[in-house]
file work12.txt (compact mmCIF, C-alpha atoms)
# COMPACT_ATOMS: atom_id res chain seq x y z
CA MET A 52 -31.92 31.58 -11.72
CA THR A 53 -33.47 32.93 -14.85
CA GLY A 54 -32.40 36.54 -15.01
CA GLY A 55 -29.24 38.59 -14.53
CA SER A 56 -25.64 37.58 -15.12
CA ARG A 57 -24.06 34.94 -12.91
CA VAL A 58 -21.01 32.72 -13.17
CA VAL A 59 -21.80 29.09 -13.93
CA VAL A 60 -19.16 26.72 -12.51
CA ILE A 61 -18.83 23.30 -14.17
CA ASP A 62 -16.44 20.58 -13.04
CA ASN A 63 -16.68 18.41 -16.13
CA GLY A 64 -15.48 15.09 -14.75
CA GLY A 65 -15.31 11.83 -16.66
CA GLY A 66 -17.66 10.10 -14.23
CA LEU A 67 -19.66 12.85 -12.53
CA LEU A 68 -20.46 16.37 -13.67
CA LYS A 69 -20.77 19.00 -10.93
CA ALA A 70 -22.51 22.26 -11.84
CA GLY A 71 -23.73 25.29 -9.93
CA PHE A 72 -23.16 29.01 -9.44
CA GLY A 73 -20.06 30.85 -8.25
CA GLY A 74 -20.23 31.87 -4.60
CA ASP A 75 -22.41 28.93 -3.54
CA LYS A 76 -21.00 26.37 -1.12
CA ASP A 77 -22.29 23.32 -2.98
CA PRO A 78 -23.24 22.61 -6.61
CA ILE A 79 -26.88 22.35 -7.62
CA ALA A 80 -26.28 19.30 -9.81
CA VAL A 81 -24.01 16.29 -9.21
CA VAL A 82 -24.98 13.95 -12.04
CA PRO A 83 -23.48 11.22 -14.26
CA ASN A 84 -21.65 12.78 -17.20
CA CYS A 85 -23.12 10.42 -19.77
CA ILE A 86 -26.24 9.43 -21.67
CA ALA A 87 -27.77 5.95 -21.53
CA LYS A 88 -30.46 3.82 -23.11
CA SER A 89 -32.23 0.66 -21.97
CA PRO A 90 -31.22 -2.61 -23.68
CA GLY A 91 -33.23 -4.04 -26.55
CA SER A 92 -34.37 -0.69 -27.91
CA ASN A 93 -33.36 0.61 -31.30
CA ALA A 94 -32.20 4.13 -31.99
CA ASN A 95 -35.72 5.53 -32.51
CA SER A 96 -37.87 3.55 -30.07
CA LYS A 97 -36.57 5.10 -26.87
CA LYS A 98 -34.83 8.36 -26.23
CA TRP A 99 -31.48 8.50 -24.48
CA LEU A 100 -31.56 9.43 -20.81
CA ALA A 101 -29.11 12.11 -19.74
CA ALA A 102 -27.54 13.25 -16.47
CA ASP A 103 -30.06 13.36 -13.58
CA GLN A 104 -32.58 11.22 -15.48
CA LEU A 105 -30.34 8.21 -14.74
CA GLN A 106 -30.65 8.88 -11.01
CA ALA A 107 -34.46 8.73 -10.93
CA GLN A 108 -35.83 6.07 -8.57
CA ASP A 109 -38.09 4.54 -11.22
CA VAL A 110 -35.30 4.06 -13.77
CA ASP A 111 -33.87 0.54 -14.07
CA VAL A 112 -30.20 0.85 -15.01
CA THR A 113 -29.72 -2.90 -15.64
CA GLY A 114 -27.84 -3.56 -18.86
CA MET A 115 -28.02 0.04 -20.05
CA THR A 116 -25.91 1.14 -23.01
CA LEU A 117 -23.71 4.09 -21.96
CA ARG A 118 -22.18 6.81 -24.08
CA ARG A 119 -19.68 9.06 -22.38
CA PRO A 120 -18.37 12.34 -23.82
CA ILE A 121 -15.05 11.87 -22.03
CA ASP A 122 -12.70 8.98 -22.76
CA ARG A 123 -9.34 8.47 -21.02
CA GLY A 124 -9.74 11.83 -19.33
CA TYR A 125 -10.38 13.99 -22.39
CA LEU A 126 -13.46 15.34 -24.14
CA ILE A 127 -13.74 13.43 -27.41
CA ASN A 128 -17.50 13.50 -28.13
CA THR A 129 -18.88 17.04 -28.11
CA GLU A 130 -22.31 15.89 -29.30
CA VAL A 131 -22.88 13.80 -26.19
CA GLN A 132 -21.41 16.58 -24.03
CA ARG A 133 -23.81 19.07 -25.58
CA GLU A 134 -26.80 16.85 -24.65
CA VAL A 135 -25.61 16.53 -21.04
CA TRP A 136 -24.90 20.27 -20.69
CA GLU A 137 -28.24 21.09 -22.29
CA ARG A 138 -30.03 19.00 -19.67
CA VAL A 139 -28.00 20.45 -16.78
CA LEU A 140 -28.14 24.11 -17.82
CA ARG A 141 -31.75 24.30 -19.01
CA SER A 142 -33.49 21.92 -16.60
CA LEU A 143 -31.40 21.78 -13.43
CA LEU A 144 -29.71 25.18 -13.24
CA GLN A 145 -32.46 26.93 -15.28
CA VAL A 146 -29.95 29.44 -16.59
CA ASP A 147 -29.64 31.25 -19.90
CA PRO A 148 -26.03 30.77 -21.09
CA THR A 149 -26.14 33.91 -23.24
CA ASN A 150 -26.45 35.98 -20.04
CA SER A 151 -23.83 34.06 -18.07
CA SER A 152 -20.11 33.51 -17.72
CA LEU A 153 -18.61 30.02 -17.45
CA LEU A 154 -15.80 28.73 -15.26
CA LEU A 155 -14.86 25.33 -16.70
CA VAL A 156 -12.54 22.80 -15.07
CA GLU A 157 -10.48 21.16 -17.79
CA PRO A 158 -8.17 18.14 -17.60
CA GLN A 159 -4.47 18.77 -17.32
CA PHE A 160 -2.43 18.73 -20.54
CA ASN A 161 -5.52 19.05 -22.70
CA PRO A 162 -4.39 18.95 -26.37
CA PRO A 163 -4.94 22.17 -28.41
CA GLY A 164 -7.36 20.44 -30.76
CA LEU A 165 -9.62 19.45 -27.88
CA GLN A 166 -9.30 22.93 -26.38
CA HIS A 167 -10.57 24.36 -29.65
CA ALA A 168 -13.51 21.92 -29.72
CA THR A 169 -14.39 22.93 -26.15
CA ASP A 170 -14.31 26.63 -27.05
CA GLU A 171 -16.64 26.00 -29.97
CA LEU A 172 -19.07 24.22 -27.65
CA VAL A 173 -18.96 27.04 -25.09
CA PHE A 174 -19.17 30.06 -27.38
CA GLU A 175 -20.84 28.83 -30.57
CA GLU A 176 -23.21 26.12 -29.33
CA PHE A 177 -24.27 27.66 -26.01
CA GLY A 178 -23.27 31.30 -26.50
CA PHE A 179 -21.73 32.01 -23.08
CA ASN A 180 -20.65 35.62 -22.51
CA SER A 181 -17.18 34.70 -21.31
CA LEU A 182 -15.05 31.70 -20.36
CA CYS A 183 -12.42 31.01 -17.74
CA VAL A 184 -10.57 27.69 -17.73
CA ALA A 185 -8.90 26.25 -14.64
CA ASP A 186 -7.27 22.97 -13.68
CA ALA A 187 -8.29 20.81 -10.73
CA PRO A 188 -5.13 20.92 -8.52
CA SER A 189 -5.00 24.72 -8.28
CA LEU A 190 -8.70 24.89 -7.40
CA VAL A 191 -8.35 22.22 -4.70
CA ARG A 192 -5.44 24.14 -3.16
CA LEU A 193 -7.41 27.41 -3.36
CA TYR A 194 -10.43 25.93 -1.59
CA GLU A 195 -8.46 24.27 1.20
CA ALA A 196 -6.45 27.45 1.79
CA SER A 197 -9.66 29.50 2.03
CA ARG A 198 -11.25 26.96 4.38
CA GLN A 199 -8.26 26.38 6.67
CA PRO A 200 -5.85 29.36 6.41
CA SER A 201 -3.87 28.26 9.46
CA LEU A 202 -2.96 24.93 7.84
CA PHE A 203 -1.80 26.55 4.60
CA HIS A 204 0.51 29.35 5.68
CA THR A 205 3.01 28.08 3.10
CA GLN A 206 2.43 28.73 -0.57
CA CYS A 207 2.70 25.18 -1.92
CA SER A 208 0.93 21.84 -1.65
CA LEU A 209 0.94 18.51 -3.44
CA VAL A 210 -2.52 17.60 -4.70
CA VAL A 211 -3.29 13.92 -5.30
CA ASP A 212 -6.35 13.63 -7.54
CA CYS A 213 -7.69 10.07 -7.91
CA GLY A 214 -10.21 10.73 -10.64
CA PHE A 215 -12.33 8.72 -13.05
CA SER A 216 -9.72 8.11 -15.74
CA PHE A 217 -6.36 9.04 -14.21
CA THR A 218 -4.59 9.65 -10.93
CA HIS A 219 -2.40 12.76 -10.84
CA ALA A 220 0.16 13.91 -8.29
CA SER A 221 0.46 17.66 -8.91
CA PRO A 222 2.66 20.14 -7.01
CA VAL A 223 0.95 23.54 -6.71
CA LEU A 224 2.91 26.74 -5.96
CA GLN A 225 1.01 29.99 -5.27
CA ASN A 226 -2.10 28.47 -6.86
CA PHE A 227 -0.28 27.61 -10.07
CA THR A 228 0.21 23.96 -10.98
CA LEU A 229 3.84 23.10 -11.75
CA ASN A 230 3.15 21.16 -14.92
CA TYR A 231 6.74 20.01 -15.35
CA ALA A 232 6.53 18.12 -12.04
CA VAL A 233 3.12 16.49 -12.49
CA ARG A 234 3.18 12.70 -12.47
CA ARG A 235 0.30 10.56 -13.71
CA MET A 236 -0.93 7.01 -13.20
CA ASP A 237 -3.15 5.55 -15.91
CA LEU A 238 -5.50 4.24 -13.22
CA GLY A 239 -8.71 5.73 -11.93
CA GLY A 240 -12.22 4.88 -10.82
CA LYS A 241 -13.15 3.51 -14.25
CA ALA A 242 -10.30 0.97 -14.23
CA LEU A 243 -11.24 -0.15 -10.71
CA THR A 244 -14.87 -0.67 -11.76
CA ASN A 245 -13.79 -2.65 -14.84
CA TYR A 246 -11.54 -4.85 -12.71
CA LEU A 247 -14.38 -5.54 -10.28
CA LYS A 248 -16.66 -6.42 -13.22
CA GLU A 249 -14.10 -8.96 -14.44
CA LEU A 250 -13.69 -10.54 -11.00
CA VAL A 251 -17.44 -10.87 -10.39
CA SER A 252 -18.08 -12.16 -13.92
CA TYR A 253 -15.38 -14.82 -13.56
CA ARG A 254 -16.45 -15.99 -10.10
CA SER A 255 -20.20 -15.48 -10.04
CA LEU A 256 -22.48 -13.70 -12.56
CA ASN A 257 -21.81 -12.09 -15.91
CA VAL A 258 -21.96 -8.37 -15.08
CA MET A 259 -19.75 -7.01 -17.86
CA ASP A 260 -22.64 -4.81 -19.10
CA GLU A 261 -23.63 -3.56 -15.63
CA THR A 262 -21.27 -0.59 -15.32
CA LEU A 263 -23.57 1.59 -13.20
CA LEU A 264 -24.47 -1.24 -10.81
CA ILE A 265 -20.90 -2.40 -10.29
CA ASP A 266 -19.90 1.23 -9.79
CA ASP A 267 -22.43 1.39 -6.97
CA ALA A 268 -21.22 -1.89 -5.44
CA LYS A 269 -17.62 -0.68 -5.56
CA GLU A 270 -18.44 2.59 -3.79
CA LYS A 271 -20.46 0.89 -1.05
CA LEU A 272 -18.38 -2.22 -0.38
CA CYS A 273 -14.72 -1.77 -1.30
CA PHE A 274 -12.09 -0.64 1.19
CA VAL A 275 -8.31 -0.36 1.46
CA SER A 276 -6.49 -3.12 3.30
CA LEU A 277 -3.79 -2.25 5.84
CA ASP A 278 -2.45 -5.83 5.90
CA VAL A 279 -3.05 -7.62 2.61
CA PRO A 280 -1.52 -11.04 3.49
CA ARG A 281 -3.56 -11.24 6.69
CA ASP A 282 -6.76 -10.17 4.94
CA LEU A 283 -6.23 -12.73 2.17
CA ARG A 284 -6.05 -15.47 4.80
CA LEU A 285 -9.19 -14.16 6.49
CA ALA A 286 -10.99 -14.03 3.15
CA SER A 287 -10.29 -17.74 2.62
CA LEU A 288 -12.15 -18.74 5.77
CA SER A 289 -15.59 -20.31 5.75
CA PHE A 290 -18.80 -18.32 5.63
CA LYS A 291 -19.26 -17.73 9.38
CA ASP A 292 -15.65 -16.76 10.06
CA ASN A 293 -15.15 -14.62 6.96
CA PRO A 294 -15.45 -10.96 7.98
CA PHE A 295 -15.39 -9.71 4.38
CA ARG A 296 -18.16 -11.77 2.85
CA CYS A 297 -21.25 -9.78 1.86
CA SER A 298 -23.91 -9.87 -0.85
CA TYR A 299 -25.07 -7.29 -3.36
CA ILE A 300 -28.63 -7.55 -4.71
CA LEU A 301 -29.21 -6.74 -8.37
CA PRO A 302 -32.50 -5.08 -9.41
CA ASP A 303 -35.23 -7.36 -10.72
CA GLY A 304 -37.10 -4.63 -12.59
CA ILE A 305 -40.32 -5.20 -10.63
CA THR A 306 -39.86 -5.09 -6.85
CA TYR A 307 -36.85 -2.80 -6.92
CA LYS A 308 -35.02 -1.04 -9.71
CA LYS A 309 -31.81 -0.12 -7.91
CA GLY A 310 -29.11 -2.40 -6.60
CA PHE A 311 -28.33 -2.48 -2.87
CA VAL A 312 -26.24 -4.21 -0.23
CA LYS A 313 -28.09 -7.15 1.33
CA ASP A 314 -26.92 -6.63 4.92
CA LEU A 315 -25.00 -3.48 5.81
CA ASP A 316 -24.02 -4.79 9.25
CA GLU A 317 -22.54 -7.87 7.62
CA ALA A 318 -20.69 -5.69 5.12
CA ARG A 319 -19.09 -3.65 7.91
CA ARG A 320 -17.80 -6.57 9.94
CA TYR A 321 -14.25 -5.90 8.75
CA CYS A 322 -14.25 -2.56 10.63
CA SER A 323 -13.97 -4.43 13.95
CA LEU A 324 -10.79 -6.27 12.91
CA PRO A 325 -7.58 -5.27 14.73
CA VAL A 326 -5.34 -3.11 12.61
CA GLU A 327 -2.23 -5.13 13.46
CA GLY A 328 -1.57 -8.75 14.36
CA GLU A 329 -1.98 -12.20 12.96
CA LEU A 330 -4.98 -14.49 13.00
CA ASP A 331 -5.83 -15.95 16.37
CA LYS A 332 -6.36 -19.37 14.89
CA LYS A 333 -5.25 -21.29 11.84
CA ASP A 334 -7.54 -21.70 8.91
CA GLY A 335 -10.05 -24.46 9.51
CA ASP A 336 -9.22 -25.26 13.15
CA SER A 337 -12.84 -25.10 14.26
CA ASP A 338 -14.65 -25.28 10.95
CA THR A 339 -17.16 -28.04 10.52
CA VAL A 340 -18.12 -29.55 7.21
CA LYS A 341 -21.47 -27.82 7.48
CA ASP A 342 -19.80 -24.41 7.93
CA ARG A 343 -17.72 -24.92 4.83
CA LYS A 344 -20.69 -25.44 2.56
CA LYS A 345 -21.04 -22.60 0.13
CA PRO A 346 -24.14 -20.51 0.96
CA GLU A 347 -26.74 -20.56 -1.76
CA LEU A 348 -27.22 -17.35 -3.70
CA SER A 349 -30.28 -16.28 -5.61
CA GLN A 350 -30.05 -15.59 -9.32
CA ASN A 351 -30.03 -11.83 -8.80
CA GLU A 352 -27.25 -11.45 -6.26
CA PHE A 353 -23.52 -11.99 -6.03
CA ALA A 354 -21.13 -12.31 -3.10
CA LEU A 355 -17.88 -10.42 -2.57
CA THR A 356 -14.99 -11.47 -0.33
CA ASN A 357 -11.37 -10.60 -1.16
CA GLU A 358 -12.52 -8.55 -4.17
CA ARG A 359 -13.47 -5.83 -1.71
CA PHE A 360 -9.85 -4.95 -0.96
CA LEU A 361 -8.08 -6.35 -4.02
CA VAL A 362 -9.77 -3.79 -6.29
CA PRO A 363 -8.48 -0.65 -4.46
CA GLU A 364 -5.13 -2.42 -4.09
CA MET A 365 -4.57 -1.65 -7.78
CA LEU A 366 -3.79 1.96 -6.85
CA PHE A 367 -0.97 0.99 -4.51
CA HIS A 368 0.57 -1.98 -6.33
CA PRO A 369 -0.56 -2.10 -9.98
CA ILE A 370 2.49 -4.19 -10.87
CA ASP A 371 0.96 -7.14 -8.98
CA LEU A 372 -1.79 -7.21 -11.59
CA GLY A 373 0.60 -7.09 -14.53
CA MET A 374 0.38 -3.32 -15.09
CA ASN A 375 3.71 -1.64 -15.75
CA GLN A 376 2.93 1.34 -13.51
CA ALA A 377 4.40 2.80 -10.35
CA GLY A 378 2.20 2.72 -7.26
CA LEU A 379 0.55 5.81 -5.82
CA ALA A 380 3.18 6.42 -3.14
CA GLU A 381 6.03 6.22 -5.64
CA CYS A 382 4.11 8.51 -8.00
CA ILE A 383 3.83 11.14 -5.25
CA VAL A 384 7.55 10.89 -4.40
CA ARG A 385 8.52 11.30 -8.05
CA ALA A 386 6.36 14.42 -8.33
CA ALA A 387 7.96 15.95 -5.24
CA GLN A 388 11.48 15.06 -6.39
CA ALA A 389 10.88 16.84 -9.70
CA CYS A 390 10.56 20.13 -7.78
CA HIS A 391 13.28 22.35 -6.30
CA PRO A 392 14.85 20.78 -3.16
CA TYR A 393 13.83 23.82 -1.09
CA ILE A 394 10.12 23.14 -1.48
CA GLN A 395 10.17 19.33 -1.24
CA PRO A 396 9.82 19.23 2.59
CA VAL A 397 6.86 21.60 2.39
CA LEU A 398 5.15 19.49 -0.27
CA TYR A 399 5.34 16.38 1.91
CA GLN A 400 3.78 18.35 4.80
CA SER A 401 0.80 19.38 2.67
CA ILE A 402 -0.48 16.42 0.63
CA ILE A 403 -4.15 16.98 -0.23
CA LEU A 404 -6.33 14.04 -1.31
CA THR A 405 -9.20 14.65 -3.72
CA GLY A 406 -11.27 12.60 -6.15
CA GLY A 407 -13.84 9.87 -5.60
CA SER A 408 -11.38 6.99 -5.18
CA THR A 409 -9.92 8.59 -2.05
CA LEU A 410 -13.24 7.88 -0.32
CA PHE A 411 -12.33 4.21 0.19
CA PRO A 412 -12.13 3.55 3.96
CA ARG A 413 -8.56 3.61 5.33
CA PHE A 414 -7.19 5.14 2.11
CA ALA A 415 -5.25 7.96 3.82
CA GLU A 416 -3.84 5.69 6.52
CA ARG A 417 -2.56 3.18 3.96
CA LEU A 418 -1.01 5.96 1.87
CA GLN A 419 0.76 7.32 4.94
CA ARG A 420 2.25 3.86 5.59
CA GLU A 421 3.38 3.49 1.98
CA LEU A 422 4.92 6.97 1.85
CA ARG A 423 6.87 6.99 5.09
CA PRO A 424 9.66 4.56 4.01
CA LEU A 425 10.11 6.44 0.71
CA VAL A 426 10.44 9.93 2.19
CA PRO A 427 13.65 11.11 3.93
CA GLU A 428 13.46 10.70 7.70
CA GLU A 429 13.95 14.41 8.41
CA TYR A 430 10.80 15.28 6.42
CA GLN A 431 7.35 15.18 7.96
CA VAL A 432 4.53 13.55 6.01
CA LYS A 433 1.09 15.04 6.51
CA ILE A 434 -1.92 13.92 4.46
CA ILE A 435 -5.04 16.08 4.38
CA SER A 436 -8.32 14.45 3.35
CA GLN A 437 -10.91 16.80 1.93
CA GLU A 438 -14.27 17.25 3.61
CA ASN A 439 -15.91 16.03 0.40
CA PRO A 440 -13.34 14.85 -2.19
CA ILE A 441 -15.96 14.66 -4.95
CA LEU A 442 -16.97 18.32 -4.55
CA GLY A 443 -13.55 19.74 -3.64
CA VAL A 444 -12.63 20.89 -7.15
CA TRP A 445 -16.04 22.49 -7.75
CA ARG A 446 -15.92 24.33 -4.43
CA GLY A 447 -12.53 25.75 -5.39
CA GLY A 448 -14.07 26.92 -8.66
CA SER A 449 -16.89 28.56 -6.72
CA VAL A 450 -14.36 30.47 -4.59
CA LEU A 451 -12.47 31.60 -7.70
CA ALA A 452 -15.65 32.64 -9.52
CA SER A 453 -16.70 34.86 -6.60
CA SER A 454 -13.34 36.64 -6.37
CA PRO A 455 -13.13 40.32 -7.45
CA ASP A 456 -10.48 39.57 -10.08
CA PHE A 457 -12.45 36.86 -11.84
CA GLY A 458 -13.62 39.09 -14.71
CA SER A 459 -10.04 39.87 -15.75
CA MET A 460 -9.24 36.14 -16.00
CA CYS A 461 -11.97 35.46 -18.57
CA VAL A 462 -11.96 35.45 -22.34
CA THR A 463 -15.07 37.15 -23.72
CA LYS A 464 -17.06 35.92 -26.68
CA SER A 465 -16.07 38.97 -28.72
CA GLU A 466 -12.38 38.28 -28.05
CA TYR A 467 -12.87 34.67 -29.12
CA GLU A 468 -14.56 35.76 -32.35
CA GLU A 469 -11.84 38.30 -33.05
CA MET A 470 -8.67 36.38 -32.13
CA GLY A 471 -9.69 32.71 -32.24
CA SER A 472 -9.21 29.93 -29.78
CA ALA A 473 -5.43 29.53 -29.86
CA ARG A 474 -4.62 33.14 -28.93
CA CYS A 475 -7.34 33.34 -26.29
CA ARG A 476 -6.05 30.21 -24.58
CA ARG A 477 -2.73 31.88 -23.78
CA ARG A 478 -4.47 33.73 -20.99
CA PHE A 479 -5.04 30.47 -19.09
CA PHE A 480 -1.38 29.36 -19.04
CA HIS A 481 -2.31 26.06 -20.67

call {"tool": "encode", "arguments": {"input": "work12.txt", "output": "structure tokens"}}
result
Amino acid sequence: MTGGSRVVVIDNGGGLLKAGFGGDKDPIAVVPNCIAKSPGSNANSKKWLAADQLQAQDVDVTGMTLRRPIDRGYLINTEVQREVWERVLRSLLQVDPTNSSLLLVEPQFNPPGLQHATDELVFEEFGFNSLCVADAPSLVRLYEASRQPSLFHTQCSLVVDCGFSFTHASPVLQNFTLNYAVRRMDLGGKALTNYLKELVSYRSLNVMDETLLIDDAKEKLCFVSLDVPRDLRLASLSFKDNPFRCSYILPDGITYKKGFVKDLDEARRYCSLPVEGELDKKDGDSDTVKDRKKPELSQNEFALTNERFLVPEMLFHPIDLGMNQAGLAECIVRAAQACHPYIQPVLYQSIILTGGSTLFPRFAERLQRELRPLVPEEYQVKIISQENPILGVWRGGSVLASSPDFGSMCVTKSEYEEMGSARCRRRFFH
């Protein structure tokens, strides 16, 4: 799109940036929100790769140095963000910001100083015509209500957003987030990736600098356990009897430049395990000495066993790992209890999961099991998984941007220049 005025919708996540045009079903760009450079190169020898350039098939991401504009959920480096937006807007969307409006998804409880820095980036650096700011929970609720009106005849939901930096449990009433009731866990996809890096580095190879590769391994191999004690016993079995053991191949820079799972069928063996019940045999009853020999691994691969379910377990029981945090189920209950008693039963009947970490297999089922004992018996608990949790927020923004009232929600560039950032921000209820 090169001419005319359209609404650009950007979900500016800490891990992935989603960008496209209002009214479209899916974004045009879903790219890493960072810039990166190959190891061993000085500041002038190689340029930094941004956004979609990191996803190219011929790019080796091994040992890359990453710079992210967002740290701990908030935009702290506008220079890096400008480079990423420049790449996305000019090359991928092919849009002229001076002829466009922007709907930007901002983190909850964004400090005024960072709001001002964002406004400068939008209006002064890129010159957008107008800006509308929204938060993720209200957009998720808006999209699900537009997609399934029969399921959302009530006016409130509880949105659980397991994002890159944080996990939020946010009650939403009539598409407005009840900020006083929002509860947050300082755990997200980034913390899970870092934990997996530590486990692999301690047990196998040093992968502390391989953030993008371990991210990929986590997304492809990790899952949520429904019976942790049983799965720990299974994970201690020998190679042949261990249903969780699988290998991840690191790129060698010559034959292949992307990491991949060695045997997908082997990696999915755990899916055939019964959901309930104990082991049919005791550890080692039929194991031979030969079976117990550790399989040899090449220098560019590592094996995962119990790490596959211990990493997502952080979200449900962070205290087991020494983190003084409530688990996800308790976080949700606290958010619901902070609301008026009249709407608490309705919130439990409409829990919407969004964010990349909710894509772990069996996530919703485990959360249901954790929630049920904590919720009063007379209340129903219903968990709704989004069709695509990664794109759910952006799709809600697309619905909002195509609504007839969108223009009245925006702050124009002239209003920003006349009144400044602080006064303009009052329109967004932030």

call {"tool": "residues_around", "arguments": {"input": "work12.txt", "residues": "Gly407 (chain A)", "least_positions_apart": "2", "cutoff": "9 Å", "atoms": "only C-alpha atoms", "output": "PyMOL selection string"}}
result
chain A and resi 212-215+240+270+405+409-411+439-441

call {"tool": "write_last_selection", "arguments": {"input": "work12.txt", "atoms": "C-alpha atoms", "output": "short mmCIF file (atom, residue, chain, number, x, y, z; two decimals), in the coordinates of the input"}}
result
data_model
loop_
_atom_site.label_atom_id
_atom_site.label_comp_id
_atom_site.auth_asym_id
_atom_site.auth_seq_id
_atom_site.Cartn_x
_atom_site.Cartn_y
_atom_site.Cartn_z
CA ASP A 212 -6.35 13.63 -7.54
CA CYS A 213 -7.69 10.07 -7.91
CA GLY A 214 -10.21 10.73 -10.64
CA PHE A 215 -12.33 8.72 -13.05
CA GLY A 240 -12.22 4.88 -10.82
CA GLU A 270 -18.44 2.59 -3.79
CA THR A 405 -9.20 14.65 -3.72
CA THR A 409 -9.92 8.59 -2.05
CA LEU A 410 -13.24 7.88 -0.32
CA PHE A 411 -12.33 4.21 0.19
CA ASN A 439 -15.91 16.03 0.40
CA PRO A 440 -13.34 14.85 -2.19
CA ILE A 441 -15.96 14.66 -4.95
#

call {"tool": "axis_aligned_box", "arguments": {"input": "work12.txt", "around": "region 151-169 of chain A", "padding_each_side": "6 Å", "output": "lines of an AutoDock Vina configuration file"}}
result
center_x = -13.1
center_y = 26.1
center_z = -22.9
size_x = 33.4
size_y = 27.9
size_z = 27.7

call {"tool": "residues_around", "arguments": {"input": "work12.txt", "residues": "Ile434 (chain A)", "least_positions_apart": "4", "cutoff": "9 Å", "atoms": "all atoms listed in the file", "output": "PDB file with C-alpha atoms, keeping the file's coordinate frame"}}
result
ATOM      1  CA  TYR A 399       5.340  16.380   1.910  1.00  0.00           C
ATOM      2  CA  GLN A 400       3.780  18.350   4.800  1.00  0.00           C
ATOM      3  CA  SER A 401       0.800  19.380   2.670  1.00  0.00           C
ATOM      4  CA  ILE A 402      -0.480  16.420   0.630  1.00  0.00           C
ATOM      5  CA  ILE A 403      -4.150  16.980  -0.230  1.00  0.00           C
ATOM      6  CA  LEU A 404      -6.330  14.040  -1.310  1.00  0.00           C
ATOM      7  CA  ALA A 415      -5.250   7.960   3.820  1.00  0.00           C
ATOM      8  CA  GLU A 416      -3.840   5.690   6.520  1.00  0.00           C
ATOM      9  CA  LEU A 418      -1.010   5.960   1.870  1.00  0.00           C
ATOM     10  CA  GLN A 419       0.760   7.320   4.940  1.00  0.00           C
TER      11      GLN A 419
END

call {"tool": "residues_around", "arguments": {"input": "work12.txt", "residues": "region 388-390 of chain A", "least_positions_apart": "5", "cutoff": "12 Å", "atoms": "all atoms listed in the file", "output": "JSON, numbers by chain"}}
result
{"A": [207, 208, 209, 220, 221, 222, 223, 224, 228, 229, 230, 231, 232, 233, 234, 381, 382, 383, 395, 396, 397, 398, 399, 425, 426, 427]}

call {"tool": "closest_residue", "arguments": {"input": "work12.txt", "among": "A:Thr244, A:Ser152, A:Asn226, A:Thr169", "to": "Gly458 (chain A)", "atoms": "only C-alpha atoms"}}
result
A:Ser152

call {"tool": "atom_distance", "arguments": {"input": "work12.txt", "atom1": "CA of Leu154 (chain A)", "atom2": "CA of Leu190 (chain A)"}}
result
11.3 Å

call {"tool": "atom_distance", "arguments": {"input": "work12.txt", "atom1": "CA of Phe414 (chain A)", "atom2": "CA of Ser276 (chain A)"}}
result
8.4 Å

call {"tool": "closest_residue", "arguments": {"input": "work12.txt", "among": "A:Gln206, A:Asp111, A:Pro162, A:Thr463", "to": "Ile394 (chain A)", "atoms": "only C-alpha atoms"}}
result
A:Gln206
